[in-house]
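Text of data09.cif (mmCIF, C-alpha atoms) as supplied:
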data_data
#
loop_
_atom_site.label_atom_id
_atom_site.label_comp_id
_atom_site.auth_asym_id
_atom_site.auth_seq_id
_atom_site.Cartn_x
_atom_site.Cartn_y
_atom_site.Cartn_z
CA MET A 1 -31.61 26.08 9.56
CA LEU A 2 -28.82 23.62 10.10
CA ASP A 3 -25.52 25.00 11.38
CA LEU A 4 -23.41 24.34 8.28
CA GLN A 5 -20.11 25.04 9.99
CA ALA A 6 -20.95 22.58 12.75
CA LEU A 7 -21.86 19.99 10.10
CA THR A 8 -18.58 20.53 8.24
CA LYS A 9 -16.71 20.14 11.52
CA ALA A 10 -18.62 16.99 12.47
CA VAL A 11 -17.80 15.43 9.07
CA GLY A 12 -14.16 16.48 9.47
CA ASP A 13 -14.14 14.94 12.96
CA LEU A 14 -15.73 11.77 11.52
CA ASN A 15 -18.42 12.09 14.15
CA GLU A 16 -20.91 9.79 12.50
CA GLN A 17 -23.57 9.97 15.17
CA GLN A 18 -23.65 13.75 15.12
CA VAL A 19 -23.58 13.99 11.31
CA LEU A 20 -26.42 11.54 10.81
CA ALA A 21 -28.51 13.08 13.60
CA MET A 22 -28.05 16.58 12.18
CA LEU A 23 -29.01 15.45 8.69
CA LYS A 24 -32.06 13.50 9.83
CA GLU A 25 -33.26 16.52 11.76
CA PHE A 26 -32.65 18.69 8.70
CA VAL A 27 -34.55 16.39 6.35
CA ALA A 28 -37.50 16.31 8.81
CA THR A 29 -37.98 20.06 8.27
CA ASN A 30 -38.76 19.36 4.61
CA PRO A 31 -36.12 21.78 3.34
CA GLY A 32 -35.93 23.38 -0.08
CA ASN A 33 -33.49 22.36 -2.75
CA GLU A 34 -31.17 25.32 -2.32
CA GLU A 35 -30.80 24.65 1.39
CA THR A 36 -30.10 20.98 0.71
CA VAL A 37 -27.43 21.76 -1.84
CA ALA A 38 -25.76 23.99 0.77
CA VAL A 39 -25.83 21.04 3.19
CA VAL A 40 -24.21 18.75 0.58
CA ASN A 41 -21.51 21.39 0.10
CA ALA A 42 -20.94 21.54 3.85
CA CYS A 43 -20.46 17.75 3.87
CA GLN A 44 -17.99 18.03 1.02
CA GLN A 45 -16.04 20.69 2.86
CA GLY A 46 -15.91 18.27 5.77
CA MET A 47 -14.47 15.65 3.43
CA ALA A 48 -11.83 18.15 2.34
CA ILE A 49 -10.87 18.52 6.02
CA VAL A 50 -10.59 14.73 6.27
CA GLY A 51 -8.24 14.82 3.28
CA GLU A 52 -6.13 17.51 4.90
CA LEU A 53 -5.91 15.60 8.17
CA PHE A 54 -4.84 12.52 6.23
CA ASP A 55 -2.14 14.57 4.51
CA GLN A 56 -1.04 15.78 7.93
CA LYS A 57 -0.72 12.10 8.99
CA GLU A 58 -3.39 12.47 11.63
CA TYR A 59 -5.86 10.19 9.88
CA PHE A 60 -5.14 6.67 8.67
CA VAL A 61 -6.31 5.00 5.46
CA GLY A 62 -9.09 3.32 7.45
CA ASP A 63 -10.35 6.78 8.40
CA LEU A 64 -10.56 7.74 4.72
CA ILE A 65 -12.68 4.68 4.04
CA PHE A 66 -14.86 5.49 7.02
CA ALA A 67 -15.22 9.05 5.69
CA GLY A 68 -16.29 7.70 2.30
CA GLU A 69 -18.96 5.56 3.95
CA LEU A 70 -20.07 8.50 6.04
CA LEU A 71 -20.51 10.66 2.94
CA SER A 72 -22.52 7.90 1.24
CA SER A 73 -24.80 7.59 4.26
CA ALA A 74 -25.17 11.37 4.35
CA ILE A 75 -26.17 11.56 0.69
CA ASP A 76 -28.62 8.67 1.17
CA ILE A 77 -30.34 10.61 3.96
CA LEU A 78 -30.44 13.77 1.83
CA LYS A 79 -31.64 12.09 -1.37
CA PRO A 80 -35.38 12.44 -0.69
CA VAL A 81 -35.03 16.22 -0.38
CA LEU A 82 -32.41 16.62 -3.09
CA GLY A 83 -34.91 17.37 -5.83
CA GLY A 84 -35.20 19.70 -8.79
CA GLU A 85 -32.08 20.91 -10.49
CA SER A 86 -29.67 18.92 -8.38
CA THR A 87 -30.94 15.65 -9.82
CA VAL A 88 -29.81 16.78 -13.23
CA THR A 89 -26.39 15.31 -13.97
CA VAL A 90 -23.75 18.00 -14.26
CA GLY A 91 -21.53 15.72 -16.31
CA LYS A 92 -20.33 12.18 -16.82
CA ILE A 93 -17.03 10.77 -15.62
CA VAL A 94 -15.61 7.45 -16.79
CA LEU A 95 -13.42 6.40 -13.89
CA GLY A 96 -11.07 3.55 -13.13
CA THR A 97 -7.88 2.33 -11.51
CA VAL A 98 -5.51 1.70 -14.41
CA GLU A 99 -4.12 -1.60 -15.61
CA GLY A 100 -1.69 -3.35 -13.26
CA ASP A 101 -2.92 -1.48 -10.21
CA LEU A 102 -5.62 -2.51 -7.79
CA HIS A 103 -5.56 0.38 -5.33
CA ASP A 104 -8.98 1.94 -5.30
CA ILE A 105 -9.49 3.64 -1.96
CA GLY A 106 -8.74 7.11 -3.36
CA LYS A 107 -10.73 6.38 -6.50
CA ASN A 108 -13.76 5.35 -4.47
CA ILE A 109 -13.57 8.46 -2.32
CA PHE A 110 -13.34 10.59 -5.45
CA LYS A 111 -16.32 8.70 -6.86
CA ASN A 112 -18.40 9.36 -3.75
CA MET A 113 -17.54 13.02 -3.78
CA ALA A 114 -18.07 13.45 -7.52
CA GLU A 115 -21.49 11.81 -7.26
CA ALA A 116 -22.35 14.04 -4.34
CA ALA A 117 -21.41 16.98 -6.56
CA GLY A 118 -23.92 15.83 -9.19
CA PHE A 119 -21.71 13.88 -11.59
CA GLU A 120 -22.75 10.57 -13.07
CA VAL A 121 -19.75 8.34 -12.47
CA ILE A 122 -19.22 5.21 -14.52
CA ASP A 123 -16.78 3.26 -12.39
CA LEU A 124 -14.86 0.64 -14.35
CA GLY A 125 -13.24 -0.77 -11.21
CA ILE A 126 -9.60 -1.78 -10.85
CA ASP A 127 -6.88 -3.05 -13.18
CA VAL A 128 -8.69 -1.49 -16.14
CA PRO A 129 -6.94 -1.98 -19.50
CA ALA A 130 -6.59 1.00 -21.84
CA ALA A 131 -8.89 -0.73 -24.35
CA THR A 132 -11.72 -0.81 -21.78
CA PHE A 133 -11.38 2.92 -21.14
CA VAL A 134 -11.51 3.52 -24.91
CA GLU A 135 -14.55 1.27 -25.33
CA LYS A 136 -16.42 2.98 -22.49
CA VAL A 137 -15.55 6.48 -23.68
CA LYS A 138 -16.98 5.55 -27.09
CA GLU A 139 -20.12 4.15 -25.51
CA ILE A 140 -20.79 6.69 -22.73
CA LYS A 141 -19.34 9.85 -24.34
CA PRO A 142 -18.34 11.37 -21.00
CA GLU A 143 -16.97 14.87 -20.53
CA ILE A 144 -14.23 13.54 -18.27
CA VAL A 145 -12.00 10.48 -17.94
CA GLY A 146 -10.55 9.90 -14.48
CA MET A 147 -7.63 7.53 -14.02
CA SER A 148 -6.29 6.51 -10.65
CA GLY A 149 -3.31 4.53 -9.40
CA VAL A 150 -0.84 4.21 -6.58
CA LEU A 151 1.95 2.07 -7.99
CA THR A 152 4.75 3.56 -10.05
CA LEU A 153 3.70 1.36 -12.96
CA ALA A 154 0.29 3.07 -12.96
CA LEU A 155 1.92 6.03 -14.71
CA ASP A 156 2.82 3.88 -17.71
CA SER A 157 -0.70 2.51 -17.86
CA MET A 158 -2.11 6.04 -17.70
CA LYS A 159 0.10 7.07 -20.60
CA LYS A 160 -0.94 4.03 -22.58
CA THR A 161 -4.60 4.85 -21.98
CA VAL A 162 -4.21 8.46 -23.14
CA ASP A 163 -2.27 7.27 -26.20
CA GLU A 164 -5.04 4.81 -27.08
CA LEU A 165 -7.68 7.49 -26.63
CA LYS A 166 -5.67 9.60 -29.09
CA THR A 167 -5.38 6.72 -31.56
CA ALA A 168 -9.13 6.17 -31.35
CA GLY A 169 -9.68 9.87 -32.08
CA LEU A 170 -11.39 10.37 -28.70
CA ARG A 171 -8.81 12.39 -26.80
CA ASP A 172 -9.95 15.83 -27.95
CA GLY A 173 -13.51 15.14 -26.85
CA VAL A 174 -12.69 14.54 -23.19
CA LYS A 175 -10.80 16.10 -20.33
CA VAL A 176 -8.45 13.69 -18.61
CA ILE A 177 -7.64 13.89 -14.91
CA ILE A 178 -5.18 11.57 -13.17
CA GLY A 179 -5.06 10.97 -9.45
CA GLY A 180 -3.06 9.05 -6.88
CA ASN A 181 0.20 9.12 -4.98
CA PRO A 182 2.65 9.03 -7.90
CA VAL A 183 1.11 11.75 -10.06
CA THR A 184 3.10 14.93 -10.44
CA GLU A 185 3.16 17.83 -12.85
CA GLU A 186 5.89 16.14 -14.87
CA ALA A 187 3.97 12.85 -14.95
CA CYS A 188 0.85 14.74 -16.03
CA ARG A 189 2.76 16.30 -18.91
CA VAL A 190 4.43 13.06 -20.00
CA ILE A 191 1.14 11.16 -19.78
CA GLY A 192 -0.72 13.85 -21.69
CA ALA A 193 -3.45 14.40 -19.09
CA ASP A 194 -5.17 17.74 -18.57
CA ALA A 195 -4.89 17.80 -14.79
CA PHE A 196 -3.55 15.86 -11.85
CA THR A 197 -4.34 15.73 -8.17
CA THR A 198 -3.55 13.79 -5.05
CA ASN A 199 -6.63 15.09 -3.29
CA ALA A 200 -10.16 13.86 -4.06
CA ALA A 201 -11.84 17.12 -3.08
CA GLU A 202 -9.51 19.10 -5.31
CA GLY A 203 -10.11 16.62 -8.14
CA VAL A 204 -13.86 17.16 -7.92
CA LYS A 205 -13.31 20.93 -7.99
CA ILE A 206 -11.22 20.62 -11.15
CA CYS A 207 -13.96 18.52 -12.78
CA GLN A 208 -16.61 21.04 -11.75
CA GLY A 209 -14.53 23.76 -13.42
CA TRP A 210 -14.54 21.77 -16.67
CA VAL A 211 -18.31 21.32 -16.91
CA LYS A 212 -19.34 24.85 -15.93
CA MET B 1 35.89 7.76 -4.01
CA SER B 2 33.76 8.11 -0.92
CA LYS B 3 30.17 6.99 -0.93
CA VAL B 4 27.24 7.45 1.41
CA ILE B 5 24.01 5.46 1.55
CA ILE B 6 20.59 6.99 2.01
CA ALA B 7 18.10 4.26 2.77
CA CYS B 8 14.47 3.84 3.66
CA GLN B 9 13.96 2.42 7.14
CA THR B 10 11.55 -0.11 5.62
CA ILE B 11 14.45 -2.06 4.13
CA SER B 12 16.79 -1.60 7.07
CA ASP B 13 17.08 -5.35 7.75
CA GLU B 14 17.78 -6.06 4.09
CA LEU B 15 20.38 -3.29 3.81
CA ASN B 16 22.10 -4.53 6.96
CA LEU B 17 22.30 -8.01 5.47
CA ALA B 18 23.64 -6.69 2.19
CA MET B 19 26.26 -4.64 4.03
CA ARG B 20 27.36 -7.62 6.09
CA ALA B 21 27.51 -9.83 3.02
CA THR B 22 29.62 -7.36 1.07
CA GLY B 23 31.71 -6.02 3.96
CA CYS B 24 30.47 -2.53 3.10
CA SER B 25 31.07 0.16 5.69
CA TYR B 26 29.78 3.27 3.99
CA PRO B 27 27.93 5.64 6.31
CA VAL B 28 24.14 5.21 6.20
CA ILE B 29 21.48 7.89 6.53
CA ARG B 30 18.20 6.17 7.39
CA MET B 31 14.94 7.81 6.46
CA ALA B 32 11.54 7.20 8.09
CA SER B 33 9.34 4.60 6.39
CA ASP B 34 6.26 6.79 6.51
CA TYR B 35 7.50 9.07 3.75
CA HIS B 36 6.56 6.45 1.19
CA MET B 37 2.92 7.34 1.78
CA ASP B 38 3.62 10.80 0.40
CA PRO B 39 6.05 10.91 -2.53
CA ASN B 40 6.27 14.71 -2.48
CA LEU B 41 7.34 14.66 1.15
CA LEU B 42 9.77 11.80 0.47
CA ARG B 43 11.35 13.81 -2.36
CA ALA B 44 11.65 16.92 -0.16
CA LYS B 45 13.20 14.99 2.74
CA LEU B 46 15.67 13.17 0.48
CA GLN B 47 16.66 16.44 -1.16
CA GLU B 48 17.28 17.99 2.26
CA GLU B 49 19.67 15.15 3.10
CA ILE B 50 21.45 15.30 -0.26
CA ASP B 51 21.84 19.08 -0.01
CA LYS B 52 23.49 18.73 3.41
CA LEU B 53 26.21 16.36 2.20
CA THR B 54 29.79 17.44 1.79
CA ASP B 55 32.84 15.51 0.67
CA PHE B 56 31.04 12.57 -0.91
CA GLN B 57 31.48 11.60 -4.49
CA ASP B 58 28.34 9.48 -4.77
CA VAL B 59 25.10 8.88 -2.93
CA LEU B 60 23.75 5.35 -3.10
CA LEU B 61 19.98 5.61 -2.79
CA ALA B 62 18.46 2.42 -1.42
CA TYR B 63 15.12 3.21 -3.00
CA GLY B 64 13.20 2.54 -6.18
CA CYS B 65 11.07 5.01 -8.05
CA CYS B 66 8.78 4.82 -5.02
CA GLY B 67 5.66 6.36 -6.49
CA ASN B 68 7.70 9.05 -8.24
CA GLY B 69 9.17 10.08 -4.89
CA LEU B 70 12.66 10.06 -6.37
CA VAL B 71 11.78 11.75 -9.65
CA GLY B 72 12.89 15.37 -9.51
CA LEU B 73 15.75 14.84 -7.06
CA LYS B 74 18.76 17.01 -7.82
CA ALA B 75 22.28 15.67 -7.56
CA SER B 76 23.24 18.89 -5.82
CA THR B 77 26.25 17.80 -3.79
CA ALA B 78 27.25 14.43 -5.25
CA GLY B 79 26.34 11.96 -7.97
CA LEU B 80 23.28 9.80 -7.36
CA ILE B 81 23.13 6.06 -7.98
CA ILE B 82 19.63 4.57 -7.91
CA PRO B 83 18.38 1.05 -8.61
CA ARG B 84 16.10 1.05 -11.63
CA THR B 85 13.23 -0.61 -9.86
CA GLU B 86 9.69 0.33 -8.96
CA ASP B 87 9.84 0.12 -5.21
CA CYS B 88 11.09 -2.03 -2.36
CA ILE B 89 8.70 -4.84 -3.32
CA SER B 90 10.25 -5.25 -6.75
CA MET B 91 13.67 -4.62 -5.17
CA VAL B 92 13.51 -7.73 -2.99
CA LEU B 93 11.33 -9.95 -5.18
CA SER B 94 12.98 -9.44 -8.57
CA ARG B 95 15.62 -11.84 -9.84
CA PRO B 96 18.76 -10.84 -11.71
CA GLY B 97 18.12 -10.78 -15.43
CA GLU B 98 14.42 -11.58 -15.15
CA LYS B 99 11.46 -9.34 -15.77
CA PHE B 100 9.62 -8.61 -12.54
CA GLU B 101 5.94 -9.44 -12.58
CA ARG B 102 4.07 -8.09 -9.60
CA LEU B 103 1.62 -10.63 -8.24
CA LYS B 104 -1.90 -9.34 -8.18
CA ARG B 105 -4.33 -9.46 -5.26
CA THR B 106 -1.37 -9.65 -2.90
CA TYR B 107 -0.42 -7.43 0.01
CA PHE B 108 3.31 -7.66 0.67
CA LEU B 109 5.01 -7.70 4.05
CA THR B 110 8.42 -7.96 5.60
CA ARG B 111 9.40 -7.18 9.18
CA GLY B 112 10.35 -3.69 8.03
CA TRP B 113 6.95 -3.03 6.52
CA LEU B 114 5.23 -4.19 9.70
CA GLN B 115 7.32 -1.85 11.82
CA GLY B 116 6.29 1.42 10.12
CA SER B 117 4.05 3.69 12.17
CA LYS B 118 1.50 3.60 9.32
CA SER B 119 1.89 -0.11 8.62
CA ILE B 120 -1.15 -2.24 7.98
CA ALA B 121 -0.82 -3.62 11.52
CA ALA B 122 -0.79 -0.07 12.94
CA GLU B 123 -3.75 0.76 10.70
CA TYR B 124 -5.72 -2.13 12.09
CA GLU B 125 -4.91 -1.27 15.66
CA HIS B 126 -5.89 2.37 15.09
CA ALA B 127 -9.18 1.33 13.48
CA CYS B 128 -10.00 -1.02 16.39
CA GLU B 129 -9.33 1.73 18.91
CA ARG B 130 -11.33 4.32 17.04
CA TYR B 131 -14.26 2.32 15.71
CA GLY B 132 -14.32 -0.91 17.73
CA GLU B 133 -13.37 -4.32 16.41
CA ALA B 134 -16.55 -5.08 14.46
CA ARG B 135 -16.41 -1.79 12.54
CA ALA B 136 -12.65 -2.11 12.04
CA ARG B 137 -13.16 -5.52 10.43
CA LYS B 138 -15.79 -4.02 8.14
CA LEU B 139 -13.47 -1.17 7.14
CA PHE B 140 -10.66 -3.60 6.48
CA LYS B 141 -12.90 -5.88 4.48
CA PHE B 142 -13.55 -2.90 2.26
CA MET B 143 -9.94 -1.69 2.30
CA LEU B 144 -8.60 -5.10 1.30
CA LYS B 145 -11.40 -6.23 -0.95
CA ASN B 146 -9.04 -6.41 -3.93
CA TYR B 147 -6.60 -8.61 -2.06
CA ASN B 148 -6.62 -12.35 -1.40
CA TYR B 149 -3.12 -12.92 -0.10
CA LEU B 150 -0.85 -11.52 2.52
CA MET B 151 2.62 -12.36 1.31
CA VAL B 152 5.45 -12.46 3.81
CA ILE B 153 8.66 -12.02 1.86
CA ASP B 154 11.45 -14.06 3.38
CA THR B 155 14.43 -11.92 2.45
CA GLY B 156 16.70 -13.86 4.80
CA ALA B 157 17.41 -10.59 6.60
CA TYR B 158 15.24 -11.05 9.68
CA PRO B 159 13.83 -13.93 11.76
CA LEU B 160 10.73 -15.08 9.94
CA ALA B 161 8.76 -16.60 12.83
CA ASP B 162 7.73 -13.40 14.58
CA CYS B 163 6.73 -11.65 11.38
CA LEU B 164 4.83 -14.73 10.25
CA SER B 165 2.80 -14.97 13.44
CA LYS B 166 1.86 -11.28 13.18
CA ALA B 167 0.90 -11.78 9.56
CA GLU B 168 -1.24 -14.76 10.49
CA GLU B 169 -3.04 -12.74 13.15
CA LEU B 170 -3.64 -9.92 10.68
CA ALA B 171 -4.79 -12.36 8.01
CA GLY B 172 -7.21 -13.91 10.48
CA ASN B 173 -8.71 -10.51 11.19
CA THR B 174 -8.96 -9.46 7.57
CA GLY B 175 -9.84 -12.67 5.75
CA LEU B 176 -6.62 -12.97 3.77
CA GLU B 177 -4.49 -16.05 3.20
CA VAL B 178 -0.85 -15.94 4.28
CA VAL B 179 1.72 -17.05 1.75
CA VAL B 180 5.50 -16.96 2.09
CA SER B 181 7.81 -16.19 -0.79
CA LYS B 182 11.58 -16.15 -0.96
CA GLY B 183 13.08 -12.73 -1.57
CA SER B 184 16.66 -11.62 -2.02
CA VAL B 185 18.98 -8.68 -1.41
CA TRP B 186 20.96 -9.09 -4.65
CA LEU B 187 20.03 -5.65 -5.95
CA LEU B 188 20.99 -3.98 -2.68
CA GLN B 189 24.31 -5.84 -2.70
CA LYS B 190 24.94 -4.70 -6.24
CA LEU B 191 24.06 -1.13 -5.19
CA LEU B 192 26.86 -1.36 -2.63
CA THR B 193 29.45 -2.93 -4.87
CA GLY B 194 28.55 -2.08 -8.44
CA PRO B 195 28.93 -2.56 -11.33
CA TYR B 196 26.46 0.19 -12.11
CA ASP B 197 25.09 -1.33 -15.28
CA GLU B 198 21.56 -1.32 -16.70
CA ASP B 199 20.13 -2.17 -13.27
CA PHE B 200 20.95 1.36 -12.10
CA SER B 201 20.57 4.96 -13.08
CA VAL B 202 23.63 7.08 -12.49
CA ILE B 203 22.95 10.81 -12.24
CA PRO B 204 26.13 12.87 -12.27
CA ARG B 205 26.54 15.80 -9.91
CA GLY B 206 24.45 18.70 -11.20
CA GLY B 207 21.92 16.41 -12.87
CA THR B 208 18.27 15.77 -12.01
CA VAL B 209 16.39 12.48 -11.73
CA ASN B 210 13.60 12.19 -14.28
CA SER B 211 11.06 9.52 -15.02
CA SER B 212 13.13 8.03 -17.86
CA HIS B 213 15.69 7.04 -15.21
CA PHE B 214 13.12 4.48 -14.10
CA GLY B 215 12.04 3.50 -17.58
CA MET B 216 8.87 5.50 -17.78
CA ALA B 217 8.37 7.04 -21.20
CA GLY B 218 11.86 6.00 -22.03
CA ALA B 219 13.90 2.93 -22.69
CA ALA B 220 13.46 0.45 -19.86
CA PRO B 221 16.04 -2.24 -19.27
CA ALA B 222 14.69 -5.39 -20.82
CA HIS B 223 14.56 -7.31 -17.59
CA GLN B 224 13.14 -4.56 -15.43
CA ALA B 225 10.55 -2.85 -17.57
CA ILE B 226 8.18 -0.71 -15.53
#
Rewrite the structure of this file - the entire thing - as structure tokens.
Amino acid sequence: MLDLQALTKAVGDLNEQQVLAMLKEFVATNPGNEETVAVVNACQQGMAIVGELFDQKEYFVGDLIFAGELLSSAIDILKPVLGGESTVTVGKIVLGTVEGDLHDIGKNIFKNMAEAAGFEVIDLGIDVPAATFVEKVKEIKPEIVGMSGVLTLALDSMKKTVDELKTAGLRDGVKVIIGGNPVTEEACRVIGADAFTTNAAEGVKICQGWVK
Amino acid sequence: MSKVIIACQTISDELNLAMRATGCSYPVIRMASDYHMDPNLLRAKLQEEIDKLTDFQDVLLAYGCCGNGLVGLKASTAGLIIPRTEDCISMVLSRPGEKFERLKRTYFLTRGWLQGSKSIAAEYEHACERYGEARARKLFKFMLKNYNYLMVIDTGAYPLADCLSKAEELAGNTGLEVVVSKGSVWLLQKLLTGPYDEDFSVIPRGGTVNSSHFGMAGAAPAHQAI
């Protein structure tokens, strides 16, 4: 059995060679689903470490992007053995960087991690107008709407999006999570979101709590 | 009537120019640029400085809303005067009486932005060291995929040539196109001299900065809606 702690550490250290070698070796043993899910969790814990090291100013933005790529490669390797229950979607998230903002590094990391956790993520991209969120929520009927942004103006766009979801009668049917540098408890309240986070791993945890 | 300035290091050149132009000699507390990456940390560090002050009537904060970094600040020891602007980009690119429209697909630079320890130039250098040049270019292609332009803002507060050549090098490595745009320090000058009209939020001693002070979920000044 793979040393999960060592895997978490290797992901946290962004040691690509070691992570990929460990996972390839693991997949070669034709593991069961339960074991594989534990390995995905270990990778996610490694991503949480990356997030912490970024918060502590040790990692740069480029490292976050590298970590996102590393997680994607890891999931690609694990896909063939990730069968059974784990292929069932745990929930749908309509996700986007809000209107006026084009920062999407955090959003993409969240997307990677949410997909690794079994969510189907419908990524609307950047600079997404409120009307597009509303349209997609109508069409996809997700459990969760995720809005991301870095600029101060993103908060206004988030509020506008929630207001338009309300007007369209869709707000009560979804949980809304906002993420990015400027989000705070006060902003969350003013915007009318259900939760806020500045940490992708924590955001995924919140979403998992909603679909349990 | 004493005032003190608390300013982000990022706009040090611009503040210096504004001070020279207005003959202002208020004391200045300069804060590290890196705090802008983490608004909660920025807020905590600014509060620490404000709490330490004695004998000042007003603090002039050479900041914008800065990703909500200023929202929640308490005017514990003096009144706070803050430009009603999003951040230092809108601060130097806006024009008096005009609505600021942020250009899309544009990464903004001044000398001050390049000097931060987490600046895009430092990012690139770090990535090259850690992952090698080829991988660093790939990471940056991804990081900057929503950008087409690297805009050097000529605020008139620093020699342009050096900053421009660094920007051109960076643009060459990341596939962006360098453009130069004229900026200005009018809002900083007005912060130093007043009048504290609709371009500013004035928080009296004992008050707290909230999002409506920057226009969010409240009445925004017509020319500076955010």
Output check: residues returned by the PyMOL selection byres ((chain A) within 7 of (chain B)), as a list in words: Phe60, Gly62, Ile65, Phe66, Leu102, Ile105, Val150, Leu151, Thr152, Leu153, Asp156, Asn181 and Pro182 of chain A
Counting only C-alpha atoms, which of A:Leu78, A:Pro142, A:Lys212, A:Gly100 gets nearest to A:Ala28?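 Using only C-alpha atoms, A:Ala28 sits closest to A:Leu78.
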Contacts of A:Ala117 within 10 Å, all atoms listed in the file, excl. fewer than 4 positions in-chain, as an MDAnalysis selection string: chainID A and resid 37 40:41 44 86 89:91 111:113 204:205 207:208
For stretch 189-199 of chain A: contacts at 8 Å, only C-alpha atoms, fewer than 6 positions along chain excluded, given as a list in words: Gly51, Leu155, Asp156, Met158, Lys159, Lys160, Val162, Lys175, Val176, Ile177, Ile178, Gly179, Gly180, Asn181, Val183 and Ile206 of chain A; Ala217 of chain B
Residues of the last selection are to be written out with C-alpha atoms, as an mmCIF file, in the coordinates of the input.
data_model
loop_
_atom_site.group_PDB
_atom_site.id
_atom_site.type_symbol
_atom_site.label_atom_id
_atom_site.label_comp_id
_atom_site.auth_asym_id
_atom_site.auth_seq_id
_atom_site.Cartn_x
_atom_site.Cartn_y
_atom_site.Cartn_z
ATOM 1 C CA GLY A 51 -8.240 14.820 3.280
ATOM 2 C CA LEU A 155 1.920 6.030 -14.710
ATOM 3 C CA ASP A 156 2.820 3.880 -17.710
ATOM 4 C CA MET A 158 -2.110 6.040 -17.700
ATOM 5 C CA LYS A 159 0.100 7.070 -20.600
ATOM 6 C CA LYS A 160 -0.940 4.030 -22.580
ATOM 7 C CA VAL A 162 -4.210 8.460 -23.140
ATOM 8 C CA LYS A 175 -10.800 16.100 -20.330
ATOM 9 C CA VAL A 176 -8.450 13.690 -18.610
ATOM 10 C CA ILE A 177 -7.640 13.890 -14.910
ATOM 11 C CA ILE A 178 -5.180 11.570 -13.170
ATOM 12 C CA GLY A 179 -5.060 10.970 -9.450
ATOM 13 C CA GLY A 180 -3.060 9.050 -6.880
ATOM 14 C CA ASN A 181 0.200 9.120 -4.980
ATOM 15 C CA VAL A 183 1.110 11.750 -10.060
ATOM 16 C CA ILE A 206 -11.220 20.620 -11.150
ATOM 17 C CA ALA B 217 8.370 7.040 -21.200
#
Name every residue that the PyMOL selection byres ((chain A and resi 72) around 12) selects in this structure, writing the answer as a ChimeraX atom specification with chains first and numbers rising. /A:11,16,19-20,40,43-44,47,65-71,73-79,108-116
Using the chain letters and numbers from this file, what does the PyMOL selection byres ((chain B and resi 192) around 9) select? Give the answer as a ChimeraX atom specification. /B:5,18-19,22,24,26,60,187-191,193-194
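Picture a line from atom CA of B:Tyr196 to atom CA of B:Trp113; it runs 27.2 Å.
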Report the distance between atom CA of B:Phe56 and atom CA of B:Thr208 in Å, rounded to one decimal place.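 Straight-line distance from atom CA of B:Phe56 to atom CA of B:Thr208 works out to 17.2 Å.
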Which residue is closest to A:Val145? Choose from A:Val88, A:Val121, A:Leu2, A:Ala168 and count all atoms listed in the file.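 The answer is A:Val121, which sits nearest to A:Val145.
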Give me, please, the distance in Å between atom CA of B:Leu53 and atom CA of B:Gly79, quoted to one decimal. 11.1 Å
Kindly compute an axis-aligned box around the listed atoms of stretch 198-202 of chain A, allowing 4 Å on each side, and express its centre and edge lengths in Å to one decimal as JSON.
{"center_x": -7.7, "center_y": 16.4, "center_z": -4.2, "size_x": 16.3, "size_y": 13.3, "size_z": 10.2}
When you look at A:Gly46 with a cut-off of 7 Å (counting only C-alpha atoms), what residues show up, excluding the ones that are within fewer than 3 positions of it in the same chain? I need them as a list in words.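 Neighbouring residues, sequence-local ones excluded: Thr8, Lys9, Val11, Gly12, Ala42, Cys43, Ile49 and Val50 of chain A.
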Let me see the file: selected residues, C-alpha atoms, as a compact mmCIF listing (two decimals), keeping the file's coordinate frame.
# COMPACT_ATOMS: atom_id res chain seq x y z
CA THR A 8 -18.58 20.53 8.24
CA LYS A 9 -16.71 20.14 11.52
CA VAL A 11 -17.80 15.43 9.07
CA GLY A 12 -14.16 16.48 9.47
CA ALA A 42 -20.94 21.54 3.85
CA CYS A 43 -20.46 17.75 3.87
CA ILE A 49 -10.87 18.52 6.02
CA VAL A 50 -10.59 14.73 6.27
Just want the 8 Å neighbourhood of B:Thr174, counted on only C-alpha atoms, with same-chain residues fewer than 2 positions away dropped. Output as a VMD selection string. chain B and resid 137 140 to 141 144 170 to 172 176
